[in-house]
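K.L.:
Got model_25.csv for you, CSV, N, CA and C atoms:
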```
chain,number,residue,atom,x,y,z
A,12,GLN,N,0.8,-1.2,0.0
A,12,GLN,CA,0.0,0.0,0.0
A,12,GLN,C,0.9,1.2,0.0
A,13,VAL,N,0.8,2.0,-1.1
A,13,VAL,CA,1.6,3.2,-1.2
A,13,VAL,C,1.0,4.3,-0.3
A,14,GLN,N,1.8,5.0,0.4
A,14,GLN,CA,1.4,6.2,1.2
A,14,GLN,C,2.3,7.3,0.9
A,15,LEU,N,1.6,8.5,0.8
A,15,LEU,CA,2.4,9.7,0.7
A,15,LEU,C,2.3,10.5,2.0
A,16,VAL,N,3.4,10.8,2.6
A,16,VAL,CA,3.4,11.4,3.9
A,16,VAL,C,3.9,12.8,3.9
A,17,GLU,N,3.0,13.7,4.1
A,17,GLU,CA,3.3,15.1,4.0
A,17,GLU,C,3.7,15.7,5.4
A,18,SER,N,4.5,16.8,5.3
A,18,SER,CA,4.8,17.5,6.5
A,18,SER,C,5.3,18.9,6.1
A,19,GLY,N,5.3,19.8,7.1
A,19,GLY,CA,5.8,21.1,6.9
A,19,GLY,C,4.8,22.3,6.9
A,20,GLY,N,3.6,22.0,7.0
A,20,GLY,CA,2.6,23.0,7.0
A,20,GLY,C,2.6,23.8,8.3
A,21,GLY,N,1.8,24.9,8.3
A,21,GLY,CA,1.7,25.6,9.5
A,21,GLY,C,1.2,27.0,9.3
A,22,LEU,N,1.4,27.9,10.3
A,22,LEU,CA,1.0,29.3,10.3
A,22,LEU,C,2.2,30.2,10.0
A,23,VAL,N,2.1,31.1,9.1
A,23,VAL,CA,3.2,31.9,8.7
A,23,VAL,C,2.6,33.3,8.4
A,24,GLN,N,3.4,34.3,8.7
A,24,GLN,CA,3.0,35.7,8.4
A,24,GLN,C,3.2,36.0,6.9
A,25,PRO,N,2.4,36.9,6.4
A,25,PRO,CA,2.6,37.3,5.0
A,25,PRO,C,4.0,37.7,4.7
A,26,GLY,N,4.5,37.3,3.6
A,26,GLY,CA,5.9,37.5,3.2
A,26,GLY,C,6.9,36.5,3.7
A,27,GLY,N,6.4,35.6,4.5
A,27,GLY,CA,7.2,34.5,5.1
A,27,GLY,C,7.4,33.3,4.2
A,28,SER,N,8.1,32.3,4.7
A,28,SER,CA,8.4,31.1,3.9
A,28,SER,C,8.0,29.9,4.7
A,29,LEU,N,7.8,28.8,3.9
A,29,LEU,CA,7.5,27.5,4.4
A,29,LEU,C,8.1,26.5,3.4
A,30,ARG,N,8.5,25.3,3.9
A,30,ARG,CA,8.8,24.2,3.0
A,30,ARG,C,8.0,23.0,3.3
A,31,LEU,N,7.3,22.5,2.3
A,31,LEU,CA,6.5,21.3,2.5
A,31,LEU,C,7.3,20.1,2.0
A,32,SER,N,7.2,19.0,2.6
A,32,SER,CA,7.8,17.8,2.2
A,32,SER,C,6.8,16.7,2.0
A,33,CYS,N,7.1,15.8,1.1
A,33,CYS,CA,6.2,14.6,0.8
A,33,CYS,C,7.1,13.4,0.6
A,34,ALA,N,7.0,12.5,1.5
A,34,ALA,CA,7.8,11.3,1.4
A,34,ALA,C,6.9,10.1,0.8
A,35,ALA,N,7.5,9.3,0.0
A,35,ALA,CA,6.8,8.2,-0.6
A,35,ALA,C,7.6,6.9,-0.5
A,36,PRO,N,7.7,6.4,0.8
A,36,PRO,CA,8.5,5.2,1.0
A,36,PRO,C,7.9,4.0,0.3
A,37,GLY,N,8.7,3.2,-0.3
A,37,GLY,CA,8.3,2.0,-1.0
A,37,GLY,C,7.7,2.2,-2.3
A,38,MET,N,7.5,3.4,-2.8
A,38,MET,CA,6.9,3.6,-4.1
A,38,MET,C,8.0,3.6,-5.2
A,39,ILE,N,7.6,3.1,-6.4
A,39,ILE,CA,8.5,3.2,-7.5
A,39,ILE,C,8.6,4.6,-8.0
A,40,PHE,N,9.4,5.4,-7.4
A,40,PHE,CA,9.4,6.8,-7.5
A,40,PHE,C,9.6,7.3,-9.0
A,41,SER,N,10.4,6.5,-9.7
A,41,SER,CA,10.9,6.9,-11.0
A,41,SER,C,9.8,6.9,-12.0
A,42,ILE,N,8.7,6.3,-11.8
A,42,ILE,CA,7.6,6.2,-12.8
A,42,ILE,C,6.6,7.3,-12.6
A,43,TYR,N,6.8,8.1,-11.5
A,43,TYR,CA,5.8,9.1,-11.2
A,43,TYR,C,6.2,10.5,-11.4
A,44,THR,N,5.3,11.3,-12.0
A,44,THR,CA,5.4,12.8,-11.9
A,44,THR,C,4.8,13.2,-10.6
A,45,MET,N,5.5,14.0,-9.8
A,45,MET,CA,5.1,14.4,-8.5
A,45,MET,C,4.5,15.8,-8.5
A,46,GLY,N,3.5,16.1,-7.8
A,46,GLY,CA,2.9,17.4,-7.8
A,46,GLY,C,2.4,17.8,-6.5
A,47,TRP,N,2.1,19.1,-6.4
A,47,TRP,CA,1.4,19.7,-5.2
A,47,TRP,C,0.1,20.4,-5.7
A,48,TYR,N,-0.9,20.1,-5.0
A,48,TYR,CA,-2.2,20.7,-5.3
A,48,TYR,C,-2.6,21.5,-4.0
A,49,ARG,N,-3.6,22.4,-4.1
A,49,ARG,CA,-4.1,23.0,-2.9
A,49,ARG,C,-5.6,23.3,-3.1
A,50,GLN,N,-6.2,23.3,-1.9
A,50,GLN,CA,-7.7,23.6,-1.9
A,50,GLN,C,-8.0,24.5,-0.8
A,51,ALA,N,-8.5,25.7,-1.1
A,51,ALA,CA,-8.9,26.7,-0.2
A,51,ALA,C,-10.4,26.5,0.2
A,52,PRO,N,-10.8,27.0,1.3
A,52,PRO,CA,-12.2,26.8,1.7
A,52,PRO,C,-13.2,27.4,0.6
A,53,GLY,N,-14.1,26.5,0.2
A,53,GLY,CA,-15.1,27.0,-0.7
A,53,GLY,C,-14.6,27.0,-2.2
A,54,LYS,N,-13.4,26.5,-2.4
A,54,LYS,CA,-12.9,26.5,-3.8
A,54,LYS,C,-12.5,25.1,-4.2
A,55,GLN,N,-12.4,25.0,-5.5
A,55,GLN,CA,-11.9,23.7,-6.0
A,55,GLN,C,-10.4,23.5,-5.8
A,56,ARG,N,-10.1,22.2,-5.8
A,56,ARG,CA,-8.6,21.9,-5.7
A,56,ARG,C,-8.0,22.3,-7.0
A,57,GLU,N,-6.8,23.0,-6.8
A,57,GLU,CA,-6.1,23.4,-8.0
A,57,GLU,C,-4.6,22.9,-8.0
A,58,LEU,N,-4.1,22.7,-9.2
A,58,LEU,CA,-2.7,22.3,-9.3
A,58,LEU,C,-1.8,23.5,-9.0
A,59,VAL,N,-0.8,23.3,-8.2
A,59,VAL,CA,0.2,24.3,-7.8
A,59,VAL,C,1.5,24.1,-8.7
A,60,ALA,N,2.0,22.9,-8.6
A,60,ALA,CA,3.3,22.7,-9.3
A,60,ALA,C,3.5,21.2,-9.5
A,61,THR,N,4.2,20.9,-10.6
A,61,THR,CA,4.6,19.5,-10.8
A,61,THR,C,6.1,19.4,-11.2
A,62,VAL,N,6.6,18.2,-10.9
A,62,VAL,CA,8.0,18.0,-11.4
A,62,VAL,C,8.1,16.5,-11.9
A,63,SER,N,8.7,16.4,-13.0
A,63,SER,CA,8.8,15.0,-13.6
A,63,SER,C,10.0,14.3,-13.0
A,64,HIS,N,10.2,13.0,-13.3
A,64,HIS,CA,11.3,12.3,-12.8
A,64,HIS,C,12.6,13.0,-13.3
A,65,GLY,N,12.6,13.5,-14.5
A,65,GLY,CA,13.8,14.1,-15.0
A,65,GLY,C,14.0,15.5,-14.6
A,66,GLY,N,13.1,16.1,-13.7
A,66,GLY,CA,13.3,17.4,-13.2
A,66,GLY,C,12.6,18.5,-13.9
A,67,VAL,N,11.8,18.2,-14.9
A,67,VAL,CA,11.0,19.3,-15.6
A,67,VAL,C,9.9,19.7,-14.7
A,68,THR,N,9.8,21.1,-14.5
A,68,THR,CA,8.8,21.6,-13.6
A,68,THR,C,7.8,22.4,-14.3
A,69,ASN,N,6.7,22.6,-13.6
A,69,ASN,CA,5.5,23.3,-14.2
A,69,ASN,C,4.8,24.0,-13.0
A,70,TYR,N,4.4,25.3,-13.1
A,70,TYR,CA,3.8,26.0,-12.0
A,70,TYR,C,2.5,26.7,-12.5
A,71,VAL,N,1.6,26.9,-11.6
A,71,VAL,CA,0.5,27.7,-11.9
A,71,VAL,C,1.0,29.2,-11.8
A,72,ASP,N,0.4,30.0,-12.7
A,72,ASP,CA,0.9,31.4,-12.8
A,72,ASP,C,1.0,32.1,-11.5
A,73,SER,N,0.0,31.9,-10.6
A,73,SER,CA,0.0,32.7,-9.3
A,73,SER,C,1.1,32.4,-8.4
A,74,VAL,N,1.9,31.3,-8.6
A,74,VAL,CA,3.0,31.0,-7.7
A,74,VAL,C,4.4,31.1,-8.4
A,75,LYS,N,4.4,31.4,-9.7
A,75,LYS,CA,5.7,31.5,-10.4
A,75,LYS,C,6.5,32.6,-9.8
A,76,GLY,N,7.8,32.2,-9.6
A,76,GLY,CA,8.7,33.2,-9.0
A,76,GLY,C,8.7,33.2,-7.4
A,77,ARG,N,7.7,32.5,-6.8
A,77,ARG,CA,7.6,32.5,-5.4
A,77,ARG,C,7.8,31.1,-4.8
A,78,PHE,N,7.3,30.1,-5.6
A,78,PHE,CA,7.4,28.7,-5.1
A,78,PHE,C,8.4,27.9,-6.0
A,79,THR,N,9.0,26.9,-5.4
A,79,THR,CA,9.9,26.0,-6.1
A,79,THR,C,9.6,24.6,-5.7
A,80,ILE,N,9.4,23.8,-6.7
A,80,ILE,CA,9.2,22.4,-6.5
A,80,ILE,C,10.5,21.6,-6.8
A,81,ALA,N,10.8,20.6,-6.0
A,81,ALA,CA,12.0,19.9,-6.3
A,81,ALA,C,11.8,18.4,-5.8
A,82,ARG,N,12.5,17.5,-6.3
A,82,ARG,CA,12.4,16.1,-5.9
A,82,ARG,C,13.8,15.5,-5.7
A,83,ASP,N,13.9,14.7,-4.7
A,83,ASP,CA,15.1,13.9,-4.4
A,83,ASP,C,14.8,12.5,-4.7
A,84,ASN,N,15.2,12.0,-5.8
A,84,ASN,CA,14.9,10.7,-6.2
A,84,ASN,C,15.5,9.6,-5.4
A,85,ALA,N,16.6,9.9,-4.8
A,85,ALA,CA,17.3,8.9,-3.9
A,85,ALA,C,16.5,8.8,-2.6
A,86,LYS,N,15.8,9.8,-2.2
A,86,LYS,CA,15.0,9.7,-0.9
A,86,LYS,C,13.5,9.5,-1.1
A,87,ASN,N,13.1,9.4,-2.4
A,87,ASN,CA,11.6,9.3,-2.7
A,87,ASN,C,10.9,10.4,-2.0
A,88,THR,N,11.3,11.6,-2.2
A,88,THR,CA,10.7,12.8,-1.5
A,88,THR,C,10.6,13.9,-2.5
A,89,VAL,N,9.5,14.7,-2.4
A,89,VAL,CA,9.3,15.9,-3.2
A,89,VAL,C,9.1,17.0,-2.2
A,90,TYR,N,9.6,18.2,-2.6
A,90,TYR,CA,9.5,19.4,-1.7
A,90,TYR,C,8.8,20.5,-2.4
A,91,LEU,N,8.2,21.4,-1.7
A,91,LEU,CA,7.6,22.6,-2.2
A,91,LEU,C,8.1,23.7,-1.3
A,92,GLN,N,9.1,24.5,-1.8
A,92,GLN,CA,9.6,25.7,-1.1
A,92,GLN,C,8.7,26.9,-1.5
A,93,MET,N,8.1,27.4,-0.4
A,93,MET,CA,7.2,28.6,-0.7
A,93,MET,C,7.7,29.8,0.0
A,94,SER,N,7.9,30.9,-0.8
A,94,SER,CA,8.4,32.1,-0.3
A,94,SER,C,7.4,33.2,-0.7
A,95,SER,N,7.7,34.4,0.0
A,95,SER,CA,6.8,35.6,-0.3
A,95,SER,C,5.3,35.2,-0.2
A,96,LEU,N,5.0,34.4,0.8
A,96,LEU,CA,3.6,33.9,1.0
A,96,LEU,C,2.6,35.0,1.2
A,97,LYS,N,1.5,34.8,0.6
A,97,LYS,CA,0.4,35.7,0.6
A,97,LYS,C,-0.8,35.1,1.3
A,98,PRO,N,-1.7,35.9,1.9
A,98,PRO,CA,-2.9,35.3,2.5
A,98,PRO,C,-3.7,34.4,1.5
A,99,GLU,N,-3.7,34.8,0.3
A,99,GLU,CA,-4.4,33.9,-0.7
A,99,GLU,C,-3.8,32.6,-1.0
A,100,ASP,N,-2.6,32.4,-0.4
A,100,ASP,CA,-2.0,31.0,-0.5
A,100,ASP,C,-2.5,30.1,0.6
A,101,THR,N,-3.3,30.6,1.5
A,101,THR,CA,-3.9,29.8,2.5
A,101,THR,C,-4.8,28.7,1.9
A,102,ALA,N,-4.5,27.5,2.3
A,102,ALA,CA,-5.2,26.3,1.8
A,102,ALA,C,-4.6,25.0,2.4
A,103,VAL,N,-5.3,23.9,2.2
A,103,VAL,CA,-4.8,22.6,2.5
A,103,VAL,C,-4.0,22.2,1.2
A,104,TYR,N,-2.7,21.8,1.4
A,104,TYR,CA,-1.9,21.4,0.3
A,104,TYR,C,-1.8,19.9,0.3
A,105,TYR,N,-1.9,19.4,-0.9
A,105,TYR,CA,-1.9,17.9,-1.1
A,105,TYR,C,-0.8,17.5,-2.0
A,106,CYS,N,-0.1,16.5,-1.6
A,106,CYS,CA,0.9,15.9,-2.5
A,106,CYS,C,0.2,14.9,-3.4
A,107,ASN,N,0.7,14.8,-4.7
A,107,ASN,CA,0.1,13.9,-5.7
A,107,ASN,C,1.2,13.2,-6.4
A,108,ALA,N,1.0,11.9,-6.7
A,108,ALA,CA,1.9,11.1,-7.5
A,108,ALA,C,1.1,10.6,-8.7
A,109,HIS,N,1.5,11.0,-9.9
A,109,HIS,CA,0.8,10.6,-11.1
A,109,HIS,C,1.6,9.8,-12.0
A,110,THR,N,1.1,8.7,-12.6
A,110,THR,CA,1.8,7.9,-13.5
A,110,THR,C,0.9,7.5,-14.7
A,111,VAL,N,1.5,7.3,-15.8
A,111,VAL,CA,0.8,6.8,-17.0
A,111,VAL,C,0.7,5.3,-16.9
A,112,ARG,N,1.4,4.7,-16.0
A,112,ARG,CA,1.4,3.2,-15.8
A,112,ARG,C,0.1,2.9,-15.0
A,113,THR,N,-1.0,2.6,-15.7
A,113,THR,CA,-2.3,2.5,-15.1
A,113,THR,C,-2.3,1.3,-14.1
A,114,GLU,N,-1.4,0.4,-14.3
A,114,GLU,CA,-1.4,-0.8,-13.3
A,114,GLU,C,-0.9,-0.4,-12.0
A,115,TYR,N,-0.3,0.8,-11.8
A,115,TYR,CA,0.2,1.3,-10.5
A,115,TYR,C,-0.8,2.3,-9.9
A,116,GLY,N,-1.4,3.1,-10.7
A,116,GLY,CA,-2.3,4.1,-10.2
A,116,GLY,C,-1.7,5.3,-9.6
A,117,ASP,N,-2.6,6.4,-9.4
A,117,ASP,CA,-2.2,7.6,-8.8
A,117,ASP,C,-2.4,7.6,-7.3
A,118,HIS,N,-1.7,8.5,-6.6
A,118,HIS,CA,-1.8,8.5,-5.2
A,118,HIS,C,-1.9,9.9,-4.6
A,119,TRP,N,-2.5,10.1,-3.5
A,119,TRP,CA,-2.7,11.4,-2.8
A,119,TRP,C,-2.2,11.3,-1.4
A,120,GLY,N,-1.6,12.4,-0.9
A,120,GLY,CA,-1.3,12.5,0.5
A,120,GLY,C,-2.6,13.0,1.2
A,121,GLN,N,-2.4,13.0,2.6
A,121,GLN,CA,-3.6,13.3,3.4
A,121,GLN,C,-3.8,14.8,3.5
A,122,GLY,N,-2.9,15.6,3.1
A,122,GLY,CA,-3.1,17.1,3.1
A,122,GLY,C,-2.4,17.7,4.3
A,123,THR,N,-1.9,18.9,4.1
A,123,THR,CA,-1.3,19.7,5.2
A,123,THR,C,-1.7,21.1,5.1
A,124,GLN,N,-2.1,21.7,6.2
A,124,GLN,CA,-2.7,23.0,6.2
A,124,GLN,C,-1.6,24.1,6.2
A,125,VAL,N,-1.8,25.0,5.3
A,125,VAL,CA,-0.9,26.2,5.3
A,125,VAL,C,-1.8,27.4,5.5
A,126,THR,N,-1.5,28.2,6.5
A,126,THR,CA,-2.2,29.4,6.8
A,126,THR,C,-1.3,30.6,6.8
A,127,VAL,N,-1.6,31.6,6.0
A,127,VAL,CA,-0.8,32.8,5.9
A,127,VAL,C,-1.7,34.0,6.4
A,128,SER,N,-1.2,34.4,7.6
A,128,SER,CA,-2.0,35.4,8.3
A,128,SER,C,-1.2,36.2,9.3
A,129,SER,N,-1.5,37.5,9.5
A,129,SER,CA,-0.8,38.3,10.4
A,129,SER,C,-1.5,38.2,11.8
```
Can you turn what I pasted into structure tokens?
P.N.:
Amino acid sequence: QVQLVESGGGLVQPGGSLRLSCAAPGMIFSIYTMGWYRQAPGKQRELVATVSHGGVTNYVDSVKGRFTIARDNAKNTVYLQMSSLKPEDTAVYYCNAHTVRTEYGDHWGQGTQVTVSS
């Protein structure tokens, strides 16, 4: 049973930084594109950033230049470094593992709360 274990959320002031981590022990990490999604109260879940096994990244426009996604393939871990945080970044952040190998399936983490407030 694959589990994605997230950590690093919390309360931060506007302009501050946080780093989220998502560990995927036992998963065949190399076949997955890893991503972070977020869901704010009353809103749909949205894609924040993805990183392929080869390191190709993609970001939603609202976080470009502020967030950085990275993966450590040796540790089966993906990170989301968030800087210059804004109140509108407040949401539950979810780690996602996506593969085209349908026999393995996609996976989600349990979510970690990020609150940006003074």
K.L.:
For A:Leu31, please output as a list of chain:residue names all residues within 6.5 Å (counting all atoms listed in the file; exclusion window: fewer than 3 positions along the same chain).
P.N.:
A:Ser18, A:Gly19, A:Gly20, A:Val89, A:Tyr90, A:Leu91, A:Gln92, A:Met93
K.L.:
Can you work out the spacing between atom N of A:Thr88 and atom CA of A:Pro52 in Å, to one decimal?
P.N.:
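Distance between the two atoms: 28.3 Å.
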K.L.:
Measuring between all atoms listed in the file, which one of A:Ser41, A:Thr110, A:Glu99, A:Lys54 shows the shortest distance to A:Asn84?
P.N.:
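Among the listed residues, A:Ser41 lies closest to A:Asn84.
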K.L.:
Which residues come within 7 Å of A:Thr61, counting all atoms listed in the file, excluding same-chain residues fewer than 5 positions away, as a PyMOL selection string?
P.N.:
chain A and resi 44-47+67-71+80
K.L.:
I need every residue sitting at most 7 Å from the point (-5.6, 30.1, -0.6) (coordinates as in the file, only N, CA and C atoms considered), written as a ChimeraX atom specification.
P.N.:
/A:50-52,98-103
K.L.:
Which polymer residues have any atom within 8 Å of an atom of stretch 114-118 of chain A, counting only N, CA and C atoms, with same-chain residues fewer than 4 positions away left out, as number ranges by chain?
P.N.:
A: 13-15, 106-110
K.L.:
State, in Å with one decimal place, the distance from atom N of A:Ser129 to atom C of A:Gly21.
P.N.:
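Result for atom N of A:Ser129 versus atom C of A:Gly21: 10.8 Å, one decimal.
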K.L.:
Would you mind telling me which residue in A:Asp83, A:Tyr104, A:Ser63, A:Arg77 lies nearest to A:Gly122 when using only C-alpha atoms?
P.N.:
A:Tyr104
K.L.:
Env of A:Val16: 9 Å cut, atoms = only C-alpha atoms, seq-sep filter 3 positions within chain, self excluded. Answer as a list in words.
P.N.:
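The contact residues come out as Ser32, Cys33, Ala34, Ala35, Pro36, Cys106, Gly120, Gln121 and Gly122 of chain A.
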K.L.:
Report the distance between atom C of A:Gly76 and atom N of A:Ser94 in Å, rounded to one decimal place.
P.N.:
7.0 Å
K.L.:
Could you pull out the residues in stretch 18-72 of chain A that DSSP calls strand (DSSP E) from the backbone, as a list in words?
P.N.:
Ser18, Gly21, Leu22, Val23, Leu29, Arg30, Leu31, Ser32, Cys33, Ala34, Thr44, Met45, Gly46, Trp47, Tyr48, Arg49, Gln50, Glu57, Leu58, Val59, Ala60, Thr61, Val62, Thr68, Asn69 and Tyr70 of chain A
K.L.:
Go ahead and save the residues from that selection, with N, CA and C atoms, as an mmCIF file, keeping the file's coordinate frame.
P.N.:
```cif
data_model
loop_
_atom_site.group_PDB
_atom_site.id
_atom_site.type_symbol
_atom_site.label_atom_id
_atom_site.label_comp_id
_atom_site.auth_asym_id
_atom_site.auth_seq_id
_atom_site.Cartn_x
_atom_site.Cartn_y
_atom_site.Cartn_z
ATOM 1 N N SER A 18 4.500 16.800 5.300
ATOM 2 C CA SER A 18 4.800 17.500 6.500
ATOM 3 C C SER A 18 5.300 18.900 6.100
ATOM 4 N N GLY A 21 1.800 24.900 8.300
ATOM 5 C CA GLY A 21 1.700 25.600 9.500
ATOM 6 C C GLY A 21 1.200 27.000 9.300
ATOM 7 N N LEU A 22 1.400 27.900 10.300
ATOM 8 C CA LEU A 22 1.000 29.300 10.300
ATOM 9 C C LEU A 22 2.200 30.200 10.000
ATOM 10 N N VAL A 23 2.100 31.100 9.100
ATOM 11 C CA VAL A 23 3.200 31.900 8.700
ATOM 12 C C VAL A 23 2.600 33.300 8.400
ATOM 13 N N LEU A 29 7.800 28.800 3.900
ATOM 14 C CA LEU A 29 7.500 27.500 4.400
ATOM 15 C C LEU A 29 8.100 26.500 3.400
ATOM 16 N N ARG A 30 8.500 25.300 3.900
ATOM 17 C CA ARG A 30 8.800 24.200 3.000
ATOM 18 C C ARG A 30 8.000 23.000 3.300
ATOM 19 N N LEU A 31 7.300 22.500 2.300
ATOM 20 C CA LEU A 31 6.500 21.300 2.500
ATOM 21 C C LEU A 31 7.300 20.100 2.000
ATOM 22 N N SER A 32 7.200 19.000 2.600
ATOM 23 C CA SER A 32 7.800 17.800 2.200
ATOM 24 C C SER A 32 6.800 16.700 2.000
ATOM 25 N N CYS A 33 7.100 15.800 1.100
ATOM 26 C CA CYS A 33 6.200 14.600 0.800
ATOM 27 C C CYS A 33 7.100 13.400 0.600
ATOM 28 N N ALA A 34 7.000 12.500 1.500
ATOM 29 C CA ALA A 34 7.800 11.300 1.400
ATOM 30 C C ALA A 34 6.900 10.100 0.800
ATOM 31 N N THR A 44 5.300 11.300 -12.000
ATOM 32 C CA THR A 44 5.400 12.800 -11.900
ATOM 33 C C THR A 44 4.800 13.200 -10.600
ATOM 34 N N MET A 45 5.500 14.000 -9.800
ATOM 35 C CA MET A 45 5.100 14.400 -8.500
ATOM 36 C C MET A 45 4.500 15.800 -8.500
ATOM 37 N N GLY A 46 3.500 16.100 -7.800
ATOM 38 C CA GLY A 46 2.900 17.400 -7.800
ATOM 39 C C GLY A 46 2.400 17.800 -6.500
ATOM 40 N N TRP A 47 2.100 19.100 -6.400
ATOM 41 C CA TRP A 47 1.400 19.700 -5.200
ATOM 42 C C TRP A 47 0.100 20.400 -5.700
ATOM 43 N N TYR A 48 -0.900 20.100 -5.000
ATOM 44 C CA TYR A 48 -2.200 20.700 -5.300
ATOM 45 C C TYR A 48 -2.600 21.500 -4.000
ATOM 46 N N ARG A 49 -3.600 22.400 -4.100
ATOM 47 C CA ARG A 49 -4.100 23.000 -2.900
ATOM 48 C C ARG A 49 -5.600 23.300 -3.100
ATOM 49 N N GLN A 50 -6.200 23.300 -1.900
ATOM 50 C CA GLN A 50 -7.700 23.600 -1.900
ATOM 51 C C GLN A 50 -8.000 24.500 -0.800
ATOM 52 N N GLU A 57 -6.800 23.000 -6.800
ATOM 53 C CA GLU A 57 -6.100 23.400 -8.000
ATOM 54 C C GLU A 57 -4.600 22.900 -8.000
ATOM 55 N N LEU A 58 -4.100 22.700 -9.200
ATOM 56 C CA LEU A 58 -2.700 22.300 -9.300
ATOM 57 C C LEU A 58 -1.800 23.500 -9.000
ATOM 58 N N VAL A 59 -0.800 23.300 -8.200
ATOM 59 C CA VAL A 59 0.200 24.300 -7.800
ATOM 60 C C VAL A 59 1.500 24.100 -8.700
ATOM 61 N N ALA A 60 2.000 22.900 -8.600
ATOM 62 C CA ALA A 60 3.300 22.700 -9.300
ATOM 63 C C ALA A 60 3.500 21.200 -9.500
ATOM 64 N N THR A 61 4.200 20.900 -10.600
ATOM 65 C CA THR A 61 4.600 19.500 -10.800
ATOM 66 C C THR A 61 6.100 19.400 -11.200
ATOM 67 N N VAL A 62 6.600 18.200 -10.900
ATOM 68 C CA VAL A 62 8.000 18.000 -11.400
ATOM 69 C C VAL A 62 8.100 16.500 -11.900
ATOM 70 N N THR A 68 9.800 21.100 -14.500
ATOM 71 C CA THR A 68 8.800 21.600 -13.600
ATOM 72 C C THR A 68 7.800 22.400 -14.300
ATOM 73 N N ASN A 69 6.700 22.600 -13.600
ATOM 74 C CA ASN A 69 5.500 23.300 -14.200
ATOM 75 C C ASN A 69 4.800 24.000 -13.000
ATOM 76 N N TYR A 70 4.400 25.300 -13.100
ATOM 77 C CA TYR A 70 3.800 26.000 -12.000
ATOM 78 C C TYR A 70 2.500 26.700 -12.500
#
```
K.L.:
With only C-alpha atoms as the atoms that count, which of A:Ala85, A:Ser95, A:Gly26, A:Thr79 lies nearest to A:Met38?
P.N.:
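Result for the nearest residue to A:Met38: A:Ala85.
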K.L.:
Ranking A:Arg112, A:Leu22, A:Glu57, A:Glu17 by minimum distance to A:Ser128 and counting only N, CA and C atoms, which one comes first?
P.N.:
A:Leu22
K.L.:
Restricting the calculation to only C-alpha atoms: of A:Leu96, A:Val111, A:Val125, A:Val74, which residue gets closest to A:Pro25?
P.N.:
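Answer, going by the shortest atom-to-atom distance: A:Leu96.
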K.L.:
Can you put N, CA, C and O atoms back into stretch 18-29 of chain A and show it as a short mmCIF file (atom, residue, chain, number, x, y, z; two decimals), keeping the file's coordinate frame?
P.N.:
```cif
data_model
loop_
_atom_site.label_atom_id
_atom_site.label_comp_id
_atom_site.auth_asym_id
_atom_site.auth_seq_id
_atom_site.Cartn_x
_atom_site.Cartn_y
_atom_site.Cartn_z
N SER A 18 4.50 16.80 5.30
CA SER A 18 4.80 17.50 6.50
C SER A 18 5.30 18.90 6.10
O SER A 18 5.53 19.20 4.95
N GLY A 19 5.30 19.80 7.10
CA GLY A 19 5.80 21.10 6.90
C GLY A 19 4.80 22.30 6.90
O GLY A 19 5.24 23.43 6.77
N GLY A 20 3.60 22.00 7.00
CA GLY A 20 2.60 23.00 7.00
C GLY A 20 2.60 23.80 8.30
O GLY A 20 3.29 23.45 9.22
N GLY A 21 1.80 24.90 8.30
CA GLY A 21 1.70 25.60 9.50
C GLY A 21 1.20 27.00 9.30
O GLY A 21 0.69 27.36 8.23
N LEU A 22 1.40 27.90 10.30
CA LEU A 22 1.00 29.30 10.30
C LEU A 22 2.20 30.20 10.00
O LEU A 22 3.22 30.01 10.69
N VAL A 23 2.10 31.10 9.10
CA VAL A 23 3.20 31.90 8.70
C VAL A 23 2.60 33.30 8.40
O VAL A 23 1.49 33.44 7.91
N GLN A 24 3.40 34.30 8.70
CA GLN A 24 3.00 35.70 8.40
C GLN A 24 3.20 36.00 6.90
O GLN A 24 4.00 35.38 6.21
N PRO A 25 2.40 36.90 6.40
CA PRO A 25 2.60 37.30 5.00
C PRO A 25 4.00 37.70 4.70
O PRO A 25 4.65 38.42 5.53
N GLY A 26 4.50 37.30 3.60
CA GLY A 26 5.90 37.50 3.20
C GLY A 26 6.90 36.50 3.70
O GLY A 26 8.05 36.45 3.36
N GLY A 27 6.40 35.60 4.50
CA GLY A 27 7.20 34.50 5.10
C GLY A 27 7.40 33.30 4.20
O GLY A 27 6.93 33.34 3.03
N SER A 28 8.10 32.30 4.70
CA SER A 28 8.40 31.10 3.90
C SER A 28 8.00 29.90 4.70
O SER A 28 8.04 29.83 5.90
N LEU A 29 7.80 28.80 3.90
CA LEU A 29 7.50 27.50 4.40
C LEU A 29 8.10 26.50 3.40
O LEU A 29 8.06 26.77 2.21
#
```
